[in-house]
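These notes are about the structure you will find just below.
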Amino acid sequence: MDLPSKQTLTPDYFDALYTVDPDPWKFETSEYEAQKYAATLAALSKHQYRSALEIGTSIGVLTEMLAERCISLLSIDVCEIAQQQAIARCRSLSNIRFQLMGVPDAYPSEQFDLTVLSEVGYYWCREDLEKSQQLILQHLEPGGHLLLVHWTPYDDDYHNPLSGDQVHESFLALPTSQLKHLKGDRAEKYRLDLFERMSEKSV
C-alpha cells in the first residue's frame, strides 16, 4: 500500500497530545493494550536479556514490564511530558535508565542484545525509518533480538507517515545476512515480529 509522503512527527506533536491527556492511548486501562503487552513479552524467546533498548517510552507501562526480563534497560522517548510519567512509574526499579532522545537524529552509543520498537516506527517518514533501521542494526549485537510491535489498521485521517505493515515489511525486506526472522504473529489490530541479528560469520 503506497501512502502519501509525510514528514516524521515532531516532539511538539506528542507534547500537545500528552498536555491534553496524560494517557492519550489509554495504555494504563485498555484491555487491548494489556493483551498486546502480554503477547509482546511472550514473544521474547530468552528469559532474560543483558542490555535492552526500548525506543519509545511513552508513560512507561510496557517499560515496567520489560524491566523484569532485563538486567539493564535503557528507555528513550522524544516527549519529556510522557517520559516524566514513566520515570515516576518506574522509580523503584534500579535497572532502568531513561533518556530524552529522538531516533534517528540521535542514538545511544552502546550495544544491545535486545531492541524493542513498539508503536513507534510508523511515526517516522520513509527516509527516517531507513536511517533508524541501520542504527538499530549497528547497535544490536550478533545474536541479539529485535522485537517489532505495531498497530496495523490505517486511516487516511491519521497523521502517521507510515502504516504498521509498512514498518514491518521494511524490516522483513532487509537481507537475511543482517536479520533472521524468528517468528511473526498477526492479531486483529496489530502485528508482531521477532528478529535475530546475524553475525558476519553466518553470511
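Identifiers in this document derive from the order of the C-alpha cells: chains are assigned A, B, ..., residues are numbered from 1 separately in each chain, and ligands are numbered from 1 in order of occurrence.
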Quiz item: If you count only C-alpha atoms, which residues fall within 8 Å of A:Thr57, apart from same-chain ones fewer than 4 positions away, as a PyMOL selection string?
Solution: chain A and resi 62-63+75-77+82-83+86
Per residue of stretch 26-56 of chain A within 12 Å of stretch 195-199 of chain A, record the nearest atom pair and its distance in Å to one decimal, counting only C-alpha atoms, with rows in chain order and ascending residue number, as a tab-separated table.
```
residue	atom	partner	partner_atom	distance
A:Ala43	CA	A:Phe195	CA	10.6
A:Leu44	CA	A:Phe195	CA	10.0
A:Ser45	CA	A:Phe195	CA	10.3
A:Lys46	CA	A:Glu196	CA	11.6
```
Export of prior selection with C-alpha atoms as a PDB file, in the first residue's frame:
```
ATOM      1  CA  ALA A  43       7.235 -13.333  22.054  1.00  0.00           C
ATOM      2  CA  LEU A  44      10.651 -12.798  23.640  1.00  0.00           C
ATOM      3  CA  SER A  45      12.454 -16.109  23.248  1.00  0.00           C
ATOM      4  CA  LYS A  46      15.002 -15.516  26.007  1.00  0.00           C
TER       5      LYS A  46
END
```
Could you give me the residues within chain A that DSSP places in alpha helix (DSSP H), as a CSV table (one decimal) with all heavy atoms, in the first residue's frame?
```csv
chain,number,residue,atom,x,y,z
A,11,PRO,N,8.5,16.2,18.2
A,11,PRO,CA,8.2,16.1,19.6
A,11,PRO,C,7.0,17.0,20.0
A,11,PRO,O,6.2,16.7,20.9
A,11,PRO,CB,9.5,16.6,20.3
A,11,PRO,CG,10.6,16.2,19.3
A,11,PRO,CD,10.0,16.4,17.9
A,12,ASP,N,6.9,18.2,19.3
A,12,ASP,CA,5.7,19.1,19.6
A,12,ASP,C,4.4,18.4,19.4
A,12,ASP,O,3.5,18.7,20.2
A,12,ASP,CB,5.8,20.3,18.7
A,12,ASP,CG,7.0,21.2,19.0
A,12,ASP,OD1,7.5,21.1,20.1
A,12,ASP,OD2,7.3,22.1,18.2
A,13,TYR,N,4.3,17.5,18.4
A,13,TYR,CA,3.0,16.8,18.2
A,13,TYR,C,2.7,15.9,19.4
A,13,TYR,O,1.5,16.0,19.9
A,13,TYR,CB,3.2,15.9,17.0
A,13,TYR,CG,2.0,14.9,16.8
A,13,TYR,CD1,0.9,15.4,16.1
A,13,TYR,CD2,2.1,13.6,17.2
A,13,TYR,CE1,-0.2,14.5,15.9
A,13,TYR,CE2,1.0,12.7,17.0
A,13,TYR,CZ,-0.1,13.2,16.3
A,13,TYR,OH,-1.2,12.4,16.1
A,14,PHE,N,3.7,15.2,20.0
A,14,PHE,CA,3.4,14.4,21.2
A,14,PHE,C,3.2,15.2,22.4
A,14,PHE,O,2.4,14.9,23.3
A,14,PHE,CB,4.5,13.4,21.3
A,14,PHE,CG,4.7,12.5,20.1
A,14,PHE,CD1,5.6,12.7,19.2
A,14,PHE,CD2,3.8,11.4,20.0
A,14,PHE,CE1,5.7,11.8,18.1
A,14,PHE,CE2,3.9,10.5,18.9
A,14,PHE,CZ,4.8,10.8,17.9
A,15,ASP,N,4.0,16.3,22.6
A,15,ASP,CA,3.8,17.2,23.7
A,15,ASP,C,2.4,17.7,23.8
A,15,ASP,O,1.8,17.7,24.9
A,15,ASP,CB,4.8,18.4,23.6
A,15,ASP,CG,6.2,18.0,23.9
A,15,ASP,OD1,6.5,16.9,24.4
A,15,ASP,OD2,7.1,18.8,23.5
A,16,ALA,N,1.8,18.1,22.6
A,16,ALA,CA,0.4,18.6,22.6
A,16,ALA,C,-0.5,17.5,23.1
A,16,ALA,O,-1.5,17.8,23.8
A,16,ALA,CB,0.1,19.1,21.2
A,17,LEU,N,-0.3,16.3,22.6
A,17,LEU,CA,-1.2,15.2,23.0
A,17,LEU,C,-1.2,14.9,24.5
A,17,LEU,O,-2.2,14.8,25.1
A,17,LEU,CB,-0.8,13.9,22.2
A,17,LEU,CG,-1.2,13.8,20.8
A,17,LEU,CD1,-0.6,12.5,20.2
A,17,LEU,CD2,-2.7,13.8,20.6
A,18,TYR,N,0.0,14.8,25.0
A,18,TYR,CA,0.1,14.5,26.5
A,18,TYR,C,-0.2,15.7,27.4
A,18,TYR,O,-0.5,15.4,28.5
A,18,TYR,CB,1.5,14.0,26.8
A,18,TYR,CG,1.8,12.6,26.3
A,18,TYR,CD1,2.5,12.3,25.1
A,18,TYR,CD2,1.4,11.5,27.0
A,18,TYR,CE1,2.7,11.0,24.7
A,18,TYR,CE2,1.6,10.2,26.6
A,18,TYR,CZ,2.3,10.0,25.4
A,18,TYR,OH,2.5,8.7,25.0
A,19,THR,N,-0.2,16.9,26.8
A,19,THR,CA,-0.6,18.0,27.6
A,19,THR,C,-2.2,18.0,27.8
A,19,THR,O,-2.7,18.3,28.9
A,19,THR,CB,-0.2,19.3,26.9
A,19,THR,OG1,1.2,19.4,26.8
A,19,THR,CG2,-0.8,20.5,27.7
A,20,VAL,N,-2.9,17.5,26.8
A,20,VAL,CA,-4.3,17.5,26.8
A,20,VAL,C,-4.8,16.2,27.6
A,20,VAL,O,-5.7,16.3,28.4
A,20,VAL,CB,-4.9,17.4,25.4
A,20,VAL,CG1,-6.4,17.1,25.5
A,20,VAL,CG2,-4.6,18.7,24.7
A,31,GLU,N,-8.0,-2.8,27.6
A,31,GLU,CA,-7.9,-4.3,27.6
A,31,GLU,C,-7.0,-4.7,26.3
A,31,GLU,O,-6.3,-5.7,26.4
A,31,GLU,CB,-9.2,-4.9,27.5
A,31,GLU,CG,-9.2,-6.5,27.5
A,31,GLU,CD,-10.6,-7.1,27.5
A,31,GLU,OE1,-11.6,-6.3,27.8
A,31,GLU,OE2,-10.7,-8.3,27.2
A,32,TYR,N,-7.2,-4.0,25.2
A,32,TYR,CA,-6.4,-4.3,24.0
A,32,TYR,C,-4.9,-4.1,24.3
A,32,TYR,O,-4.1,-5.0,24.0
A,32,TYR,CB,-6.8,-3.3,22.9
A,32,TYR,CG,-5.8,-3.2,21.8
A,32,TYR,CD1,-5.7,-4.1,20.8
A,32,TYR,CD2,-5.0,-2.1,21.8
A,32,TYR,CE1,-4.7,-4.0,19.8
A,32,TYR,CE2,-4.0,-1.9,20.8
A,32,TYR,CZ,-3.9,-2.9,19.9
A,32,TYR,OH,-2.9,-2.7,18.9
A,33,GLU,N,-4.6,-3.0,25.0
A,33,GLU,CA,-3.2,-2.8,25.3
A,33,GLU,C,-2.6,-3.9,26.2
A,33,GLU,O,-1.5,-4.4,26.1
A,33,GLU,CB,-3.0,-1.4,25.9
A,33,GLU,CG,-3.2,-0.3,25.0
A,33,GLU,CD,-2.2,-0.2,23.8
A,33,GLU,OE1,-1.2,-0.8,23.9
A,33,GLU,OE2,-2.5,0.5,22.9
A,34,ALA,N,-3.4,-4.3,27.2
A,34,ALA,CA,-3.0,-5.3,28.2
A,34,ALA,C,-2.7,-6.6,27.5
A,34,ALA,O,-1.7,-7.3,27.7
A,34,ALA,CB,-4.0,-5.5,29.3
A,35,GLN,N,-3.6,-7.0,26.5
A,35,GLN,CA,-3.4,-8.2,25.8
A,35,GLN,C,-2.2,-8.2,24.9
A,35,GLN,O,-1.5,-9.1,24.7
A,35,GLN,CB,-4.7,-8.5,25.0
A,35,GLN,CG,-5.9,-8.9,25.8
A,35,GLN,CD,-7.2,-9.0,25.0
A,35,GLN,OE1,-7.2,-8.7,23.8
A,35,GLN,NE2,-8.2,-9.6,25.6
A,36,LYS,N,-2.0,-7.0,24.3
A,36,LYS,CA,-0.9,-6.8,23.4
A,36,LYS,C,0.4,-6.8,24.2
A,36,LYS,O,1.4,-7.4,23.7
A,36,LYS,CB,-1.0,-5.5,22.6
A,36,LYS,CG,0.1,-5.2,21.6
A,36,LYS,CD,0.0,-3.9,21.0
A,36,LYS,CE,0.3,-2.8,22.0
A,36,LYS,NZ,0.3,-1.4,21.5
A,37,TYR,N,0.5,-6.3,25.3
A,37,TYR,CA,1.7,-6.3,26.2
A,37,TYR,C,2.0,-7.7,26.6
A,37,TYR,O,3.2,-8.2,26.6
A,37,TYR,CB,1.5,-5.5,27.4
A,37,TYR,CG,1.4,-4.0,27.2
A,37,TYR,CD1,0.7,-3.1,28.0
A,37,TYR,CD2,2.1,-3.4,26.1
A,37,TYR,CE1,0.6,-1.8,27.8
A,37,TYR,CE2,2.1,-2.0,25.9
A,37,TYR,CZ,1.3,-1.2,26.7
A,37,TYR,OH,1.3,0.1,26.5
A,38,ALA,N,1.0,-8.5,26.9
A,38,ALA,CA,1.2,-9.9,27.3
A,38,ALA,C,1.8,-10.7,26.1
A,38,ALA,O,2.7,-11.5,26.2
A,38,ALA,CB,-0.1,-10.6,27.7
A,39,ALA,N,1.3,-10.4,24.9
A,39,ALA,CA,1.8,-11.1,23.7
A,39,ALA,C,3.2,-10.6,23.4
A,39,ALA,O,4.1,-11.4,22.9
A,39,ALA,CB,0.9,-10.8,22.5
A,40,THR,N,3.5,-9.4,23.6
A,40,THR,CA,4.8,-8.8,23.4
A,40,THR,C,5.9,-9.5,24.3
A,40,THR,O,6.9,-10.0,23.8
A,40,THR,CB,4.9,-7.3,23.7
A,40,THR,OG1,4.0,-6.6,22.8
A,40,THR,CG2,6.2,-6.7,23.6
A,41,LEU,N,5.6,-9.7,25.6
A,41,LEU,CA,6.5,-10.3,26.5
A,41,LEU,C,6.6,-11.8,26.1
A,41,LEU,O,7.7,-12.4,26.2
A,41,LEU,CB,6.0,-10.1,27.9
A,41,LEU,CG,6.1,-8.7,28.4
A,41,LEU,CD1,5.4,-8.6,29.8
A,41,LEU,CD2,7.5,-8.1,28.5
A,42,ALA,N,5.5,-12.4,25.8
A,42,ALA,CA,5.5,-13.9,25.4
A,42,ALA,C,6.4,-14.1,24.2
A,42,ALA,O,6.9,-15.2,24.0
A,42,ALA,CB,4.1,-14.4,25.2
A,43,ALA,N,6.5,-13.1,23.3
A,43,ALA,CA,7.2,-13.3,22.1
A,43,ALA,C,8.7,-13.4,22.3
A,43,ALA,O,9.5,-13.9,21.4
A,43,ALA,CB,6.9,-12.2,21.1
A,61,VAL,N,4.3,2.0,30.7
A,61,VAL,CA,3.6,0.8,31.1
A,61,VAL,C,4.3,-0.4,30.6
A,61,VAL,O,4.6,-1.4,31.4
A,61,VAL,CB,2.2,0.8,30.6
A,61,VAL,CG1,1.4,-0.4,30.9
A,61,VAL,CG2,1.4,2.1,31.1
A,62,LEU,N,4.7,-0.5,29.4
A,62,LEU,CA,5.5,-1.6,28.8
A,62,LEU,C,6.9,-1.6,29.4
A,62,LEU,O,7.5,-2.7,29.7
A,62,LEU,CB,5.5,-1.5,27.3
A,62,LEU,CG,6.3,-2.7,26.6
A,62,LEU,CD1,5.8,-4.0,27.0
A,62,LEU,CD2,6.4,-2.5,25.1
A,63,THR,N,7.5,-0.4,29.6
A,63,THR,CA,8.8,-0.3,30.2
A,63,THR,C,8.9,-1.1,31.5
A,63,THR,O,9.9,-1.8,31.7
A,63,THR,CB,9.2,1.2,30.4
A,63,THR,OG1,8.9,1.9,29.3
A,63,THR,CG2,10.6,1.3,30.8
A,64,GLU,N,7.9,-0.9,32.4
A,64,GLU,CA,7.9,-1.5,33.7
A,64,GLU,C,7.9,-3.0,33.5
A,64,GLU,O,8.6,-3.7,34.3
A,64,GLU,CB,6.7,-1.0,34.5
A,64,GLU,CG,6.6,-1.5,35.9
A,64,GLU,CD,5.4,-0.9,36.6
A,64,GLU,OE1,4.4,-0.6,36.0
A,64,GLU,OE2,5.5,-0.8,37.8
A,65,MET,N,7.1,-3.5,32.5
A,65,MET,CA,7.0,-5.0,32.3
A,65,MET,C,8.3,-5.5,31.7
A,65,MET,O,8.8,-6.6,32.1
A,65,MET,CB,5.9,-5.3,31.4
A,65,MET,CG,4.5,-4.8,31.9
A,65,MET,SD,3.2,-5.2,30.7
A,65,MET,CE,1.8,-4.4,31.5
A,66,LEU,N,8.9,-4.8,30.8
A,66,LEU,CA,10.2,-5.2,30.2
A,66,LEU,C,11.3,-5.4,31.2
A,66,LEU,O,12.2,-6.2,31.0
A,66,LEU,CB,10.6,-4.3,29.1
A,66,LEU,CG,9.9,-4.4,27.7
A,66,LEU,CD1,10.3,-3.2,26.8
A,66,LEU,CD2,10.2,-5.7,27.0
A,80,GLU,N,9.2,14.7,26.7
A,80,GLU,CA,9.5,14.8,28.1
A,80,GLU,C,8.3,14.6,29.0
A,80,GLU,O,8.4,14.0,30.1
A,80,GLU,CB,10.3,16.1,28.4
A,80,GLU,CG,10.8,16.2,29.8
A,80,GLU,CD,11.6,17.4,30.1
A,80,GLU,OE1,11.7,18.3,29.1
A,80,GLU,OE2,12.2,17.5,31.2
A,81,ILE,N,7.2,15.2,28.6
A,81,ILE,CA,6.0,15.1,29.5
A,81,ILE,C,5.6,13.6,29.7
A,81,ILE,O,5.3,13.3,30.9
A,81,ILE,CB,4.8,15.8,28.8
A,81,ILE,CG1,5.1,17.3,28.6
A,81,ILE,CG2,3.5,15.7,29.6
A,81,ILE,CD1,4.1,18.0,27.7
A,82,ALA,N,5.6,12.8,28.7
A,82,ALA,CA,5.3,11.4,28.8
A,82,ALA,C,6.4,10.7,29.6
A,82,ALA,O,6.1,9.9,30.5
A,82,ALA,CB,5.1,10.7,27.5
A,83,GLN,N,7.6,11.0,29.3
A,83,GLN,CA,8.7,10.3,30.0
A,83,GLN,C,8.8,10.5,31.5
A,83,GLN,O,9.2,9.7,32.3
A,83,GLN,CB,10.0,10.6,29.3
A,83,GLN,CG,11.1,9.6,29.7
A,83,GLN,CD,12.4,9.8,29.0
A,83,GLN,OE1,13.1,10.8,29.3
A,83,GLN,NE2,12.7,8.9,28.1
A,84,GLN,N,8.4,11.7,31.9
A,84,GLN,CA,8.4,12.0,33.3
A,84,GLN,C,7.4,11.1,34.0
A,84,GLN,O,7.6,10.7,35.2
A,84,GLN,CB,8.0,13.5,33.6
A,84,GLN,CG,9.2,14.4,33.2
A,84,GLN,CD,10.4,14.2,34.0
A,84,GLN,OE1,10.4,13.9,35.2
A,84,GLN,NE2,11.6,14.2,33.4
A,85,GLN,N,6.3,10.8,33.4
A,85,GLN,CA,5.3,9.8,34.0
A,85,GLN,C,6.0,8.4,34.1
A,85,GLN,O,5.8,7.7,35.1
A,85,GLN,CB,4.1,9.7,33.1
A,85,GLN,CG,3.2,10.9,33.1
A,85,GLN,CD,1.9,10.7,32.3
A,85,GLN,OE1,1.1,9.9,32.8
A,85,GLN,NE2,1.7,11.3,31.2
A,86,ALA,N,6.7,8.1,33.1
A,86,ALA,CA,7.4,6.8,33.1
A,86,ALA,C,8.4,6.7,34.2
A,86,ALA,O,8.5,5.7,34.9
A,86,ALA,CB,8.1,6.5,31.8
A,87,ILE,N,9.2,7.8,34.4
A,87,ILE,CA,10.2,7.8,35.5
A,87,ILE,C,9.5,7.6,36.8
A,87,ILE,O,10.0,6.9,37.7
A,87,ILE,CB,11.0,9.1,35.4
A,87,ILE,CG1,11.9,9.1,34.1
A,87,ILE,CG2,11.8,9.3,36.6
A,87,ILE,CD1,12.5,10.5,33.8
A,88,ALA,N,8.4,8.3,37.0
A,88,ALA,CA,7.7,8.2,38.3
A,88,ALA,C,7.1,6.8,38.5
A,88,ALA,O,7.2,6.2,39.6
A,88,ALA,CB,6.5,9.2,38.3
A,89,ARG,N,6.6,6.2,37.4
A,89,ARG,CA,6.1,4.8,37.5
A,89,ARG,C,7.2,3.8,37.8
A,89,ARG,O,6.9,2.9,38.6
A,89,ARG,CB,5.5,4.5,36.1
A,89,ARG,CG,4.9,3.0,36.0
A,89,ARG,CD,4.5,2.7,34.6
A,89,ARG,NE,3.5,3.7,34.1
A,89,ARG,CZ,2.2,3.6,34.4
A,89,ARG,NH1,1.7,2.7,35.2
A,89,ARG,NH2,1.4,4.6,33.9
A,126,ARG,N,9.6,7.6,5.6
A,126,ARG,CA,10.3,6.5,5.0
A,126,ARG,C,11.8,6.7,5.1
A,126,ARG,O,12.6,5.8,5.5
A,126,ARG,CB,10.0,6.4,3.5
A,126,ARG,CG,10.8,5.3,2.7
A,126,ARG,CD,10.4,3.9,3.2
A,126,ARG,NE,9.1,3.6,2.7
A,126,ARG,CZ,8.5,2.4,3.0
A,126,ARG,NH1,9.2,1.4,3.6
A,126,ARG,NH2,7.3,2.1,2.6
A,127,GLU,N,12.3,7.9,4.9
A,127,GLU,CA,13.8,8.1,5.0
A,127,GLU,C,14.3,7.9,6.4
A,127,GLU,O,15.3,7.3,6.6
A,127,GLU,CB,14.1,9.6,4.5
A,127,GLU,CG,15.6,9.9,4.5
A,127,GLU,CD,15.9,11.3,4.1
A,127,GLU,OE1,14.9,12.1,3.8
A,127,GLU,OE2,17.1,11.7,4.1
A,128,ASP,N,13.6,8.4,7.4
A,128,ASP,CA,14.0,8.3,8.7
A,128,ASP,C,13.8,6.8,9.2
A,128,ASP,O,14.6,6.3,10.1
A,128,ASP,CB,13.2,9.2,9.7
A,128,ASP,CG,13.7,10.6,9.6
A,128,ASP,OD1,14.8,10.8,9.0
A,128,ASP,OD2,13.0,11.5,10.1
A,129,LEU,N,12.9,6.1,8.7
A,129,LEU,CA,12.7,4.7,9.0
A,129,LEU,C,14.0,3.9,8.5
A,129,LEU,O,14.6,3.1,9.3
A,129,LEU,CB,11.5,4.1,8.4
A,129,LEU,CG,11.4,2.6,8.5
A,129,LEU,CD1,11.3,2.1,9.9
A,129,LEU,CD2,10.1,2.1,7.7
A,130,GLU,N,14.4,4.2,7.3
A,130,GLU,CA,15.6,3.5,6.8
A,130,GLU,C,16.9,3.9,7.6
A,130,GLU,O,17.7,3.0,7.9
A,130,GLU,CB,15.8,3.9,5.3
A,130,GLU,CG,14.7,3.3,4.4
A,130,GLU,CD,14.7,3.8,3.0
A,130,GLU,OE1,15.6,4.7,2.7
A,130,GLU,OE2,13.9,3.3,2.2
A,131,LYS,N,17.0,5.2,8.0
A,131,LYS,CA,18.1,5.6,8.8
A,131,LYS,C,18.1,4.8,10.2
A,131,LYS,O,19.1,4.4,10.7
A,131,LYS,CB,18.1,7.1,9.1
A,131,LYS,CG,18.4,7.9,7.8
A,131,LYS,CD,18.3,9.4,8.2
A,131,LYS,CE,18.6,10.3,7.0
A,131,LYS,NZ,18.5,11.7,7.3
A,132,SER,N,16.9,4.8,10.7
A,132,SER,CA,16.7,4.1,12.0
A,132,SER,C,17.0,2.6,12.0
A,132,SER,O,17.6,2.1,12.9
A,132,SER,CB,15.3,4.3,12.5
A,132,SER,OG,14.9,5.7,12.7
A,133,GLN,N,16.6,2.0,10.9
A,133,GLN,CA,17.0,0.6,10.7
A,133,GLN,C,18.5,0.3,10.8
A,133,GLN,O,18.9,-0.6,11.4
A,133,GLN,CB,16.5,0.1,9.3
A,133,GLN,CG,15.0,-0.1,9.2
A,133,GLN,CD,14.6,-0.6,7.8
A,133,GLN,OE1,15.1,-0.1,6.8
A,133,GLN,NE2,13.6,-1.5,7.8
A,134,GLN,N,19.2,1.2,10.1
A,134,GLN,CA,20.7,1.0,10.1
A,134,GLN,C,21.3,1.2,11.5
A,134,GLN,O,22.2,0.5,11.9
A,134,GLN,CB,21.3,1.9,9.0
A,134,GLN,CG,21.0,1.6,7.6
A,134,GLN,CD,21.2,0.1,7.3
A,134,GLN,OE1,22.3,-0.4,7.5
A,134,GLN,NE2,20.2,-0.6,6.8
A,135,LEU,N,20.8,2.2,12.2
A,135,LEU,CA,21.3,2.5,13.5
A,135,LEU,C,20.9,1.3,14.5
A,135,LEU,O,21.7,0.9,15.3
A,135,LEU,CB,20.6,3.8,14.1
A,135,LEU,CG,21.2,5.0,13.5
A,135,LEU,CD1,20.3,6.2,13.8
A,135,LEU,CD2,22.6,5.3,13.9
A,136,ILE,N,19.7,0.8,14.3
A,136,ILE,CA,19.3,-0.4,15.1
A,136,ILE,C,20.2,-1.6,14.9
A,136,ILE,O,20.7,-2.2,15.8
A,136,ILE,CB,17.8,-0.8,14.8
A,136,ILE,CG1,16.9,0.3,15.4
A,136,ILE,CG2,17.5,-2.2,15.4
A,136,ILE,CD1,15.5,0.1,15.0
A,137,LEU,N,20.5,-1.8,13.6
A,137,LEU,CA,21.4,-2.9,13.3
A,137,LEU,C,22.8,-2.7,13.8
A,137,LEU,O,23.5,-3.6,14.3
A,137,LEU,CB,21.4,-3.1,11.7
A,137,LEU,CG,20.2,-3.7,11.1
A,137,LEU,CD1,20.3,-3.7,9.6
A,137,LEU,CD2,19.8,-5.0,11.6
A,138,GLN,N,23.3,-1.5,13.7
A,138,GLN,CA,24.7,-1.2,14.1
A,138,GLN,C,24.9,-1.4,15.6
A,138,GLN,O,26.0,-1.7,16.1
A,138,GLN,CB,25.0,0.3,13.7
A,138,GLN,CG,25.2,0.5,12.2
A,138,GLN,CD,25.3,2.0,11.9
A,138,GLN,OE1,25.5,2.8,12.8
A,138,GLN,NE2,25.1,2.3,10.6
A,164,GLY,N,1.6,0.4,10.1
A,164,GLY,CA,2.4,-0.6,10.8
A,164,GLY,C,2.9,-1.7,9.9
A,164,GLY,O,4.0,-2.2,10.1
A,165,ASP,N,2.1,-2.1,8.9
A,165,ASP,CA,2.5,-3.1,8.0
A,165,ASP,C,3.7,-2.6,7.2
A,165,ASP,O,4.7,-3.4,6.9
A,165,ASP,CB,1.4,-3.5,7.0
A,165,ASP,CG,0.4,-4.4,7.7
A,165,ASP,OD1,0.9,-5.4,8.4
A,165,ASP,OD2,-0.8,-4.3,7.4
A,166,GLN,N,3.8,-1.4,6.8
A,166,GLN,CA,4.9,-0.9,6.0
A,166,GLN,C,6.2,-0.9,6.9
A,166,GLN,O,7.3,-1.3,6.4
A,166,GLN,CB,4.7,0.6,5.6
A,166,GLN,CG,3.7,0.7,4.4
A,166,GLN,CD,3.6,2.1,4.0
A,166,GLN,OE1,3.3,3.0,4.8
A,166,GLN,NE2,3.7,2.4,2.7
A,167,VAL,N,6.1,-0.6,8.2
A,167,VAL,CA,7.3,-0.7,9.0
A,167,VAL,C,7.8,-2.1,9.1
A,167,VAL,O,9.0,-2.4,8.9
A,167,VAL,CB,6.9,-0.2,10.4
A,167,VAL,CG1,8.1,-0.4,11.4
A,167,VAL,CG2,6.5,1.3,10.4
A,168,HIS,N,6.9,-3.1,9.3
A,168,HIS,CA,7.3,-4.5,9.5
A,168,HIS,C,7.9,-5.1,8.2
A,168,HIS,O,8.9,-5.8,8.2
A,168,HIS,CB,6.2,-5.3,10.0
A,168,HIS,CG,5.9,-5.1,11.5
A,168,HIS,ND1,6.0,-6.1,12.4
A,168,HIS,CD2,5.6,-4.0,12.2
A,168,HIS,CE1,5.7,-5.6,13.6
A,168,HIS,NE2,5.4,-4.3,13.5
A,169,GLU,N,7.2,-4.7,7.1
A,169,GLU,CA,7.6,-5.2,5.8
A,169,GLU,C,9.0,-4.7,5.4
A,169,GLU,O,9.8,-5.4,4.7
A,169,GLU,CB,6.6,-4.9,4.7
A,169,GLU,CG,5.3,-5.6,4.9
A,169,GLU,CD,5.4,-7.2,4.9
A,169,GLU,OE1,6.3,-7.7,4.2
A,169,GLU,OE2,4.7,-7.8,5.7
A,170,SER,N,9.3,-3.5,5.9
A,170,SER,CA,10.6,-2.9,5.5
A,170,SER,C,11.7,-3.6,6.3
A,170,SER,O,12.8,-3.8,5.7
A,170,SER,CB,10.6,-1.4,5.9
A,170,SER,OG,10.6,-1.2,7.3
A,171,PHE,N,11.5,-4.1,7.5
A,171,PHE,CA,12.5,-4.9,8.2
A,171,PHE,C,12.6,-6.3,7.6
A,171,PHE,O,13.6,-6.9,7.4
A,171,PHE,CB,12.2,-5.0,9.7
A,171,PHE,CG,12.6,-3.8,10.4
A,171,PHE,CD1,11.7,-2.7,10.6
A,171,PHE,CD2,13.9,-3.7,11.0
A,171,PHE,CE1,12.1,-1.6,11.3
A,171,PHE,CE2,14.3,-2.6,11.7
A,171,PHE,CZ,13.4,-1.6,11.9
A,172,LEU,N,11.4,-6.9,7.2
A,172,LEU,CA,11.4,-8.2,6.5
A,172,LEU,C,12.1,-8.2,5.2
A,172,LEU,O,12.6,-9.2,4.7
A,172,LEU,CB,10.0,-8.7,6.4
A,172,LEU,CG,9.3,-9.2,7.6
A,172,LEU,CD1,7.8,-9.2,7.4
A,172,LEU,CD2,9.8,-10.5,8.1
```
Exercise. Would you please work out which residue, of A:Thr8, A:Glu68, A:Leu140, A:Tyr154, is nearest to A:Pro104 when using only C-alpha atoms?
Key: A:Thr8
